[in-house]
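Chemist: Got data_30.tsv for you, TSV, C-alpha atoms:
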```
chain	number	residue	atom	x	y	z
A	1	MET	CA	-99.97	29.04	-105.90
A	2	ASP	CA	-103.42	27.53	-105.58
A	3	PRO	CA	-104.92	28.81	-102.28
A	4	VAL	CA	-106.10	25.30	-101.44
A	5	LEU	CA	-102.59	23.88	-101.80
A	6	ARG	CA	-101.08	26.80	-99.92
A	7	ASN	CA	-103.36	26.23	-96.93
A	8	THR	CA	-103.12	22.43	-96.82
A	9	PRO	CA	-99.77	22.09	-94.94
A	10	ALA	CA	-100.93	24.42	-92.16
A	11	VAL	CA	-104.13	22.45	-91.67
A	12	ALA	CA	-102.24	19.14	-91.64
A	13	ARG	CA	-99.59	20.33	-89.17
A	14	THR	CA	-101.84	21.97	-86.58
A	15	PRO	CA	-103.35	18.95	-84.80
A	16	VAL	CA	-100.21	16.79	-84.84
A	17	PRO	CA	-98.32	18.33	-81.87
A	18	GLN	CA	-101.56	18.61	-79.92
A	19	ALA	CA	-102.34	14.93	-80.43
A	20	ALA	CA	-98.76	13.97	-79.55
A	21	ASP	CA	-98.87	16.04	-76.36
A	22	ALA	CA	-102.20	14.44	-75.42
A	23	ARG	CA	-100.82	10.94	-75.94
A	24	ARG	CA	-97.72	11.69	-73.85
A	25	THR	CA	-99.86	13.10	-71.08
A	26	GLU	CA	-102.16	10.07	-71.18
A	27	ARG	CA	-99.19	7.70	-70.89
A	28	LEU	CA	-97.81	9.74	-68.00
A	29	CYS	CA	-101.17	9.70	-66.19
A	30	HIS	CA	-101.61	5.96	-66.71
A	31	ALA	CA	-98.11	5.27	-65.40
A	32	THR	CA	-98.62	7.58	-62.43
A	33	GLY	CA	-101.97	6.00	-61.64
A	34	LEU	CA	-100.43	2.53	-61.75
A	35	LEU	CA	-97.62	3.61	-59.39
A	36	LEU	CA	-100.16	5.03	-56.94
A	37	VAL	CA	-102.12	1.77	-56.99
A	38	LEU	CA	-98.92	-0.22	-56.42
A	39	SER	CA	-98.01	2.11	-53.55
A	40	GLY	CA	-101.38	1.41	-51.94
A	41	LEU	CA	-100.98	-2.35	-52.37
A	42	ALA	CA	-97.43	-2.20	-50.98
A	43	HIS	CA	-98.76	-0.55	-47.82
A	44	LEU	CA	-101.28	-3.36	-47.51
A	45	VAL	CA	-98.26	-5.64	-47.15
A	46	VAL	CA	-96.79	-3.23	-44.60
A	47	PHE	CA	-100.02	-3.43	-42.63
A	48	ALA	CA	-99.95	-7.24	-42.74
A	49	VAL	CA	-96.39	-7.22	-41.35
A	50	ASP	CA	-96.57	-4.29	-38.94
A	51	GLY	CA	-100.14	-4.71	-37.75
A	52	GLY	CA	-101.85	-1.96	-35.83
A	53	PRO	CA	-105.41	-0.64	-36.11
A	54	TRP	CA	-107.14	-0.50	-39.48
A	55	GLU	CA	-109.51	2.28	-38.50
A	56	GLY	CA	-108.73	5.63	-36.93
A	57	PRO	CA	-106.82	8.77	-37.96
A	58	VAL	CA	-103.45	6.97	-37.69
A	59	SER	CA	-103.37	3.65	-39.53
A	60	TRP	CA	-101.95	1.95	-42.60
A	61	ARG	CA	-105.49	1.98	-44.03
A	62	LYS	CA	-105.08	5.53	-45.27
A	63	PRO	CA	-102.06	5.03	-47.59
A	64	VAL	CA	-103.66	1.79	-48.79
A	65	THR	CA	-107.10	3.15	-49.60
A	66	PHE	CA	-105.96	6.56	-50.83
A	67	GLY	CA	-103.19	5.09	-52.98
A	68	VAL	CA	-105.48	2.61	-54.69
A	69	SER	CA	-108.41	5.03	-54.94
A	70	PHE	CA	-106.41	7.96	-56.32
A	71	GLY	CA	-104.56	5.68	-58.74
A	72	VAL	CA	-107.74	4.11	-60.09
A	73	THR	CA	-109.45	7.50	-60.29
A	74	LEU	CA	-106.53	9.04	-62.21
A	75	ILE	CA	-106.53	6.20	-64.72
A	76	ALA	CA	-110.33	6.34	-65.03
A	77	VAL	CA	-110.49	10.12	-65.52
A	78	THR	CA	-107.70	9.97	-68.10
A	79	TRP	CA	-109.65	7.38	-70.09
A	80	VAL	CA	-113.12	8.87	-69.69
A	81	THR	CA	-112.06	12.40	-70.64
A	82	SER	CA	-110.93	11.06	-74.01
A	83	TYR	CA	-114.66	10.99	-74.88
A	84	LEU	CA	-115.17	14.65	-73.94
A	85	ARG	CA	-115.15	17.43	-76.49
A	86	VAL	CA	-112.26	19.32	-74.89
A	87	GLY	CA	-109.30	20.77	-76.77
A	88	PRO	CA	-106.29	18.40	-76.70
A	89	ARG	CA	-103.94	20.97	-75.17
A	90	LEU	CA	-106.42	22.03	-72.50
A	91	ARG	CA	-107.18	18.41	-71.64
A	92	ALA	CA	-103.47	17.58	-71.46
A	93	LEU	CA	-102.86	20.54	-69.13
A	94	LEU	CA	-105.78	19.66	-66.86
A	95	LEU	CA	-104.75	16.00	-66.70
A	96	ALA	CA	-101.12	16.90	-65.91
A	97	VAL	CA	-102.23	19.11	-63.01
A	98	PHE	CA	-104.64	16.41	-61.87
A	99	ALA	CA	-101.89	13.77	-61.88
A	100	ALA	CA	-99.50	16.03	-59.94
A	101	ASP	CA	-102.21	16.78	-57.40
A	102	CYS	CA	-102.94	13.06	-56.94
A	103	VAL	CA	-99.26	12.45	-56.22
A	104	VAL	CA	-99.17	15.28	-53.68
A	105	GLU	CA	-102.28	13.97	-51.92
A	106	VAL	CA	-101.12	10.36	-51.71
A	107	GLY	CA	-97.56	11.45	-50.87
A	108	GLY	CA	-98.68	13.62	-47.95
A	109	ILE	CA	-100.97	10.93	-46.57
A	110	THR	CA	-98.26	8.27	-46.90
A	111	LEU	CA	-95.64	10.51	-45.27
A	112	GLN	CA	-97.82	11.13	-42.24
A	113	ALA	CA	-98.65	7.43	-41.93
A	114	TRP	CA	-94.94	6.60	-41.69
A	115	ARG	CA	-94.49	9.40	-39.14
A	116	GLY	CA	-97.32	7.93	-37.07
A	117	VAL	CA	-99.48	11.06	-37.07
A	118	PRO	CA	-102.83	11.96	-38.68
A	119	SER	CA	-102.64	13.27	-42.22
A	120	HIS	CA	-105.81	15.37	-42.23
A	121	LEU	CA	-106.96	17.99	-39.73
A	122	ASP	CA	-103.71	17.72	-37.74
A	123	MET	CA	-102.61	21.13	-36.45
A	124	GLU	CA	-100.38	19.91	-33.61
A	125	THR	CA	-97.08	21.22	-35.04
A	126	PRO	CA	-96.17	23.72	-37.77
A	127	PHE	CA	-95.06	20.87	-40.04
A	128	ASP	CA	-98.24	18.86	-39.47
A	129	THR	CA	-100.27	22.01	-40.11
A	130	ALA	CA	-98.41	22.60	-43.37
A	131	VAL	CA	-99.09	19.03	-44.53
A	132	SER	CA	-102.74	19.20	-43.50
A	133	MET	CA	-103.30	22.52	-45.27
A	134	THR	CA	-101.48	21.28	-48.38
A	135	LEU	CA	-103.83	18.30	-48.52
A	136	ALA	CA	-106.83	20.58	-48.03
A	137	VAL	CA	-105.71	22.91	-50.84
A	138	GLY	CA	-104.97	19.90	-53.02
A	139	GLY	CA	-108.49	18.67	-52.38
A	140	GLY	CA	-109.79	22.03	-53.55
A	141	VAL	CA	-107.77	21.75	-56.75
A	142	LEU	CA	-109.23	18.29	-57.37
A	143	VAL	CA	-112.74	19.68	-56.95
A	144	VAL	CA	-112.08	22.44	-59.48
A	145	LEU	CA	-110.48	20.14	-62.08
A	146	LEU	CA	-113.11	17.43	-61.89
A	147	THR	CA	-115.90	20.00	-61.95
A	148	VAL	CA	-114.44	21.45	-65.16
A	149	PHE	CA	-114.53	17.98	-66.75
A	150	ALA	CA	-118.06	17.40	-65.47
A	151	VAL	CA	-119.27	20.69	-66.95
A	152	ALA	CA	-117.59	19.82	-70.27
A	153	SER	CA	-119.45	16.50	-70.36
A	154	PHE	CA	-122.78	18.33	-70.17
A	155	ARG	CA	-121.92	21.24	-72.46
A	156	HIS	CA	-121.19	18.96	-75.41
A	157	ARG	CA	-122.39	15.41	-75.89
A	158	PRO	CA	-119.53	12.94	-75.22
A	159	SER	CA	-118.44	10.72	-78.09
A	160	GLY	CA	-117.95	6.96	-78.04
A	161	PRO	CA	-120.06	3.85	-78.55
A	162	ALA	CA	-123.82	3.81	-77.96
A	163	GLY	CA	-124.66	4.64	-74.38
A	164	MET	CA	-121.24	6.10	-73.56
A	165	ASP	CA	-122.59	9.66	-73.50
A	166	LEU	CA	-125.19	8.69	-70.90
A	167	ALA	CA	-122.65	6.72	-68.84
A	168	VAL	CA	-120.07	9.52	-68.86
A	169	ARG	CA	-122.57	12.19	-67.90
A	170	SER	CA	-124.07	10.00	-65.16
A	171	GLY	CA	-120.62	9.14	-63.86
A	172	PHE	CA	-119.58	12.77	-63.63
A	173	ALA	CA	-122.92	13.80	-62.09
A	174	ILE	CA	-122.49	11.22	-59.33
A	175	LEU	CA	-118.83	12.21	-58.97
A	176	LEU	CA	-120.00	15.73	-58.07
A	177	VAL	CA	-121.74	14.16	-55.06
A	178	ALA	CA	-118.41	12.67	-54.01
A	179	LEU	CA	-116.73	16.07	-54.36
A	180	ALA	CA	-119.45	17.78	-52.31
A	181	SER	CA	-119.29	15.17	-49.53
A	182	GLY	CA	-115.49	15.37	-49.47
A	183	ALA	CA	-115.61	19.15	-49.18
A	184	ALA	CA	-118.18	18.83	-46.38
A	185	MET	CA	-115.90	16.45	-44.46
A	186	ILE	CA	-112.94	18.81	-44.72
A	187	ALA	CA	-114.99	21.90	-43.84
A	188	ARG	CA	-116.59	20.36	-40.76
A	189	GLY	CA	-113.28	18.90	-39.60
A	190	VAL	CA	-111.47	22.23	-39.96
A	191	VAL	CA	-114.19	24.05	-38.00
A	192	LEU	CA	-114.00	21.52	-35.16
A	193	THR	CA	-110.20	21.69	-35.15
A	194	ARG	CA	-110.17	25.49	-35.06
A	195	THR	CA	-112.63	25.50	-32.16
A	196	GLY	CA	-110.49	23.14	-30.08
A	197	HIS	CA	-112.31	19.85	-30.72
A	198	GLN	CA	-109.44	17.89	-32.27
A	199	GLU	CA	-110.68	14.37	-31.46
A	200	ALA	CA	-114.18	15.21	-32.60
A	201	ALA	CA	-112.72	16.47	-35.88
A	202	TYR	CA	-111.03	13.12	-36.53
A	203	HIS	CA	-114.30	11.24	-36.01
A	204	SER	CA	-116.58	13.75	-37.74
A	205	THR	CA	-115.83	12.38	-41.21
A	206	ALA	CA	-117.17	8.86	-40.50
A	207	PRO	CA	-120.83	9.43	-41.51
A	208	LEU	CA	-119.89	10.82	-44.93
A	209	LYS	CA	-117.22	8.27	-45.84
A	210	PRO	CA	-119.61	5.67	-47.38
A	211	LEU	CA	-121.31	8.35	-49.48
A	212	HIS	CA	-117.95	9.72	-50.60
A	213	GLY	CA	-116.54	6.29	-51.42
A	214	VAL	CA	-119.58	4.98	-53.31
A	215	SER	CA	-120.07	8.07	-55.45
A	216	LEU	CA	-116.37	8.57	-56.20
A	217	HIS	CA	-115.97	5.66	-58.61
A	218	ALA	CA	-119.13	5.99	-60.69
A	219	VAL	CA	-117.05	7.80	-63.30
A	220	LEU	CA	-115.19	4.53	-63.88
A	221	VAL	CA	-117.88	1.89	-63.27
A	222	LEU	CA	-120.61	3.28	-65.53
A	223	PRO	CA	-118.44	4.16	-68.59
A	224	ALA	CA	-116.65	0.80	-68.23
A	225	LEU	CA	-120.03	-0.95	-68.27
A	226	ALA	CA	-121.10	1.01	-71.36
A	227	TRP	CA	-117.85	0.02	-73.08
A	228	LEU	CA	-118.30	-3.65	-72.19
A	229	LEU	CA	-121.92	-3.65	-73.35
A	230	SER	CA	-120.86	-2.15	-76.68
A	231	ARG	CA	-118.69	-5.24	-77.23
A	232	THR	CA	-121.62	-7.64	-76.84
A	233	PRO	CA	-123.84	-8.92	-79.69
A	234	TRP	CA	-126.96	-7.73	-77.85
A	235	SER	CA	-129.32	-5.24	-79.45
A	236	GLU	CA	-128.90	-1.57	-78.70
A	237	PRO	CA	-132.28	-1.29	-76.91
A	238	LEU	CA	-131.29	-4.16	-74.58
A	239	ARG	CA	-127.87	-2.64	-73.90
A	240	ARG	CA	-129.46	0.71	-73.11
A	241	ARG	CA	-131.99	-0.89	-70.75
A	242	LEU	CA	-129.17	-2.65	-68.91
A	243	LEU	CA	-127.24	0.61	-68.67
A	244	TYR	CA	-130.33	2.41	-67.34
A	245	ALA	CA	-130.74	-0.34	-64.74
A	246	ALA	CA	-127.08	-0.02	-63.69
A	247	ILE	CA	-127.34	3.74	-63.38
A	248	GLY	CA	-130.56	3.39	-61.38
A	249	SER	CA	-128.88	0.88	-59.05
A	250	TYR	CA	-125.90	3.14	-58.58
A	251	VAL	CA	-128.08	6.16	-57.84
A	252	THR	CA	-130.06	4.06	-55.34
A	253	ALA	CA	-126.81	3.11	-53.56
A	254	VAL	CA	-125.77	6.77	-53.44
A	255	ILE	CA	-129.16	7.80	-52.05
A	256	GLY	CA	-128.94	5.05	-49.43
A	257	ALA	CA	-125.50	6.25	-48.36
A	258	ALA	CA	-126.77	9.83	-48.26
A	259	VAL	CA	-129.71	8.87	-46.04
A	260	TRP	CA	-127.40	6.98	-43.70
A	261	ALA	CA	-125.09	10.01	-43.56
A	262	ALA	CA	-127.98	12.33	-42.78
A	263	LEU	CA	-129.20	10.07	-39.96
A	264	THR	CA	-125.76	9.70	-38.36
A	265	TYR	CA	-124.16	13.08	-39.14
```
Please go through the file and, once you have read it, give me the structure as structure tokens.
Modeler:
Amino acid sequence: MDPVLRNTPAVARTPVPQAADARRTERLCHATGLLLVLSGLAHLVVFAVDGGPWEGPVSWRKPVTFGVSFGVTLIAVTWVTSYLRVGPRLRALLLAVFAADCVVEVGGITLQAWRGVPSHLDMETPFDTAVSMTLAVGGGVLVVLLTVFAVASFRHRPSGPAGMDLAVRSGFAILLVALASGAAMIARGVVLTRTGHQEAAYHSTAPLKPLHGVSLHAVLVLPALAWLLSRTPWSEPLRRRLLYAAIGSYVTAVIGAAVWAALTY
């Protein structure tokens, strides 16, 4: 048999299951992200009916903001990583773990909100300690997964329309700031809790919250802008200038939040 013909079926079959697995994982992540967003919005209704404080370690704000934020981030990361040069099976595995971790994080926060106790840094009972430590470990897993995607975006140039490579890399670079600020909040809170300053631990995260929140969603905003600009009839130089301006504005906002955090930390 001709060697070319003999090798053709193997080459044709190899990527098919990988692509199918990737598509199934993407659909699962999109559905999971949507459910998390709906969960957050549902708790906004609960807050409107039940009332109570919006701020503080015990409030309906946490299941609302974390549900919406984790859901949007899961959907965004699932979409953006499609432009990365990562093997389909590896990407599917990382996204599946990421989706499961998002569910655990939002689930733990929501559970504690319904129990009327803090979700993070709460070591009052063995159960509360277990939930708090699970959320802390889950946060560590998120840092590792998103860092892997960020590194992949810089190792190989992302694909996509003009400007998408710059938007994806910028989004992931700014996302690393969000991961660092989140880790700093958890670390400082745990230290204060372990040294007997429980109330101080609950309030210690306030200075870093704006920095964490602003930098967290750059991985969605900037690639989405690049995608929208690619659909316009404008020239590529104009689109790139607008993208540069958006990235500069976003970086300025992150720097402003960082300065505010440094002054109030």
Chemist: Using only C-alpha atoms, which of the listed residues (A:Ile174, A:Val168, A:Ala184, A:Val72) sits closest to A:Gly140?
Modeler: A:Ala184
Chemist: Could you build a table of the residues in stretch 73-184 of chain A lying no more than 10 Å from stretch 240-251 of chain A, giving for each the nearest pair of atoms and their separation in Å rounded to one decimal place, using only C-alpha atoms, ordered by chain and ascending residue number, as a tab-separated table?
Modeler:
```
residue	atom	partner	partner_atom	distance
A:Ala162	CA	A:Arg240	CA	8.1
A:Gly163	CA	A:Arg240	CA	6.3
A:Met164	CA	A:Leu243	CA	9.5
A:Leu166	CA	A:Leu243	CA	8.6
A:Ala167	CA	A:Leu243	CA	7.6
A:Ser170	CA	A:Ile247	CA	7.3
A:Gly171	CA	A:Ile247	CA	8.6
A:Ile174	CA	A:Val251	CA	7.7
```
Chemist: Have a look at atom CA of A:Gly87 and atom CA of A:Cys29 and let me know their distance in Å, one decimal.
Modeler: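 Separating atom CA of A:Gly87 from atom CA of A:Cys29 is a distance of 17.3 Å.
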Chemist: Taking all atoms listed in the file into account, which of A:Val46, A:Ala20, A:Leu229, A:Val86 comes nearest A:Arg155?
Modeler: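 Using all atoms listed in the file, the shortest distance to A:Arg155 belongs to A:Val86.
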Chemist: Env of A:Ala262: 10 Å cut, atoms = only C-alpha atoms, seq-sep filter 5 positions within chain, self excluded. Answer as a ChimeraX atom specification.
Modeler: /A:207-208,256-257
Chemist: So which one's closest to A:Pro63, A:Val254, A:Leu211, A:Val106, A:Val137? Using all atoms listed in the file, please.
Modeler: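 With all atoms listed in the file as the atom set, the closest residue is A:Val106.
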Chemist: What's around A:His212 at 8 Å? Count all atoms listed in the file, leave out sequence neighbours fewer than 5 positions away in its own chain, and write the answer as an NGL selection string.
Modeler: :A and (177-179 or 181-182)
Chemist: A:His203: which residues within 9 Å, counting only C-alpha atoms, same-chain residues fewer than 4 positions away excluded, as a PyMOL selection string?
Modeler: chain A and resi 56-57+189+199+207
Chemist: Dump C-alpha atoms for the selected residues as a compact mmCIF listing (two decimals), in the frame of the given file?
Modeler:
```txt
# COMPACT_ATOMS: atom_id res chain seq x y z
CA GLY A 56 -108.73 5.63 -36.93
CA PRO A 57 -106.82 8.77 -37.96
CA GLY A 189 -113.28 18.90 -39.60
CA GLU A 199 -110.68 14.37 -31.46
CA PRO A 207 -120.83 9.43 -41.51
```
Chemist: Please build the interface table for stretch 124-218 of chain A against stretch 109-120 of chain A with a cut-off of 10 Å, listing for each qualifying residue the nearest atom pair and the distance in Å to one decimal; count all atoms listed in the file, order rows by chain and increasing number, and write it as a tab-separated table.
Modeler:
```
residue	atom	partner	partner_atom	distance
A:Glu124	CA	A:Val117	CA	9.5
A:Asp128	CA	A:Ser119	CA	7.6
A:Thr129	CA	A:His120	CA	8.9
A:Val131	CA	A:Ser119	CA	7.1
A:Ser132	CA	A:His120	CA	5.1
A:Met133	CA	A:His120	CA	8.2
A:Thr134	CA	A:His120	CA	9.6
A:Leu135	CA	A:His120	CA	7.2
A:Ala136	CA	A:His120	CA	7.9
A:Ile186	CA	A:His120	CA	8.3
A:Gly189	CA	A:His120	CA	8.7
A:Val190	CA	A:His120	CA	9.2
A:Ala201	CA	A:His120	CA	9.4
A:Tyr202	CA	A:His120	CA	8.0
```
Chemist: Could you state the separation of atom CA of A:Thr264 and atom CA of A:Val64 in Å, given to one decimal place?
Modeler: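 So the two atoms, atom CA of A:Thr264 and atom CA of A:Val64, lie 25.7 Å apart.
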Chemist: May I ask which of the residues A:Gly213, A:Pro126, A:Gly71, A:Pro88 is the closest one to A:Thr25, counting all atoms listed in the file?
Modeler: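 Closest to A:Thr25 of all the choices is A:Pro88.
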Chemist: Between A:His217, A:Leu95, A:Pro161, A:Phe66, single out the one closest to A:Arg239, counting only C-alpha atoms.
Modeler: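 Of the candidates, the smallest distance to A:Arg239 is held by A:Pro161.
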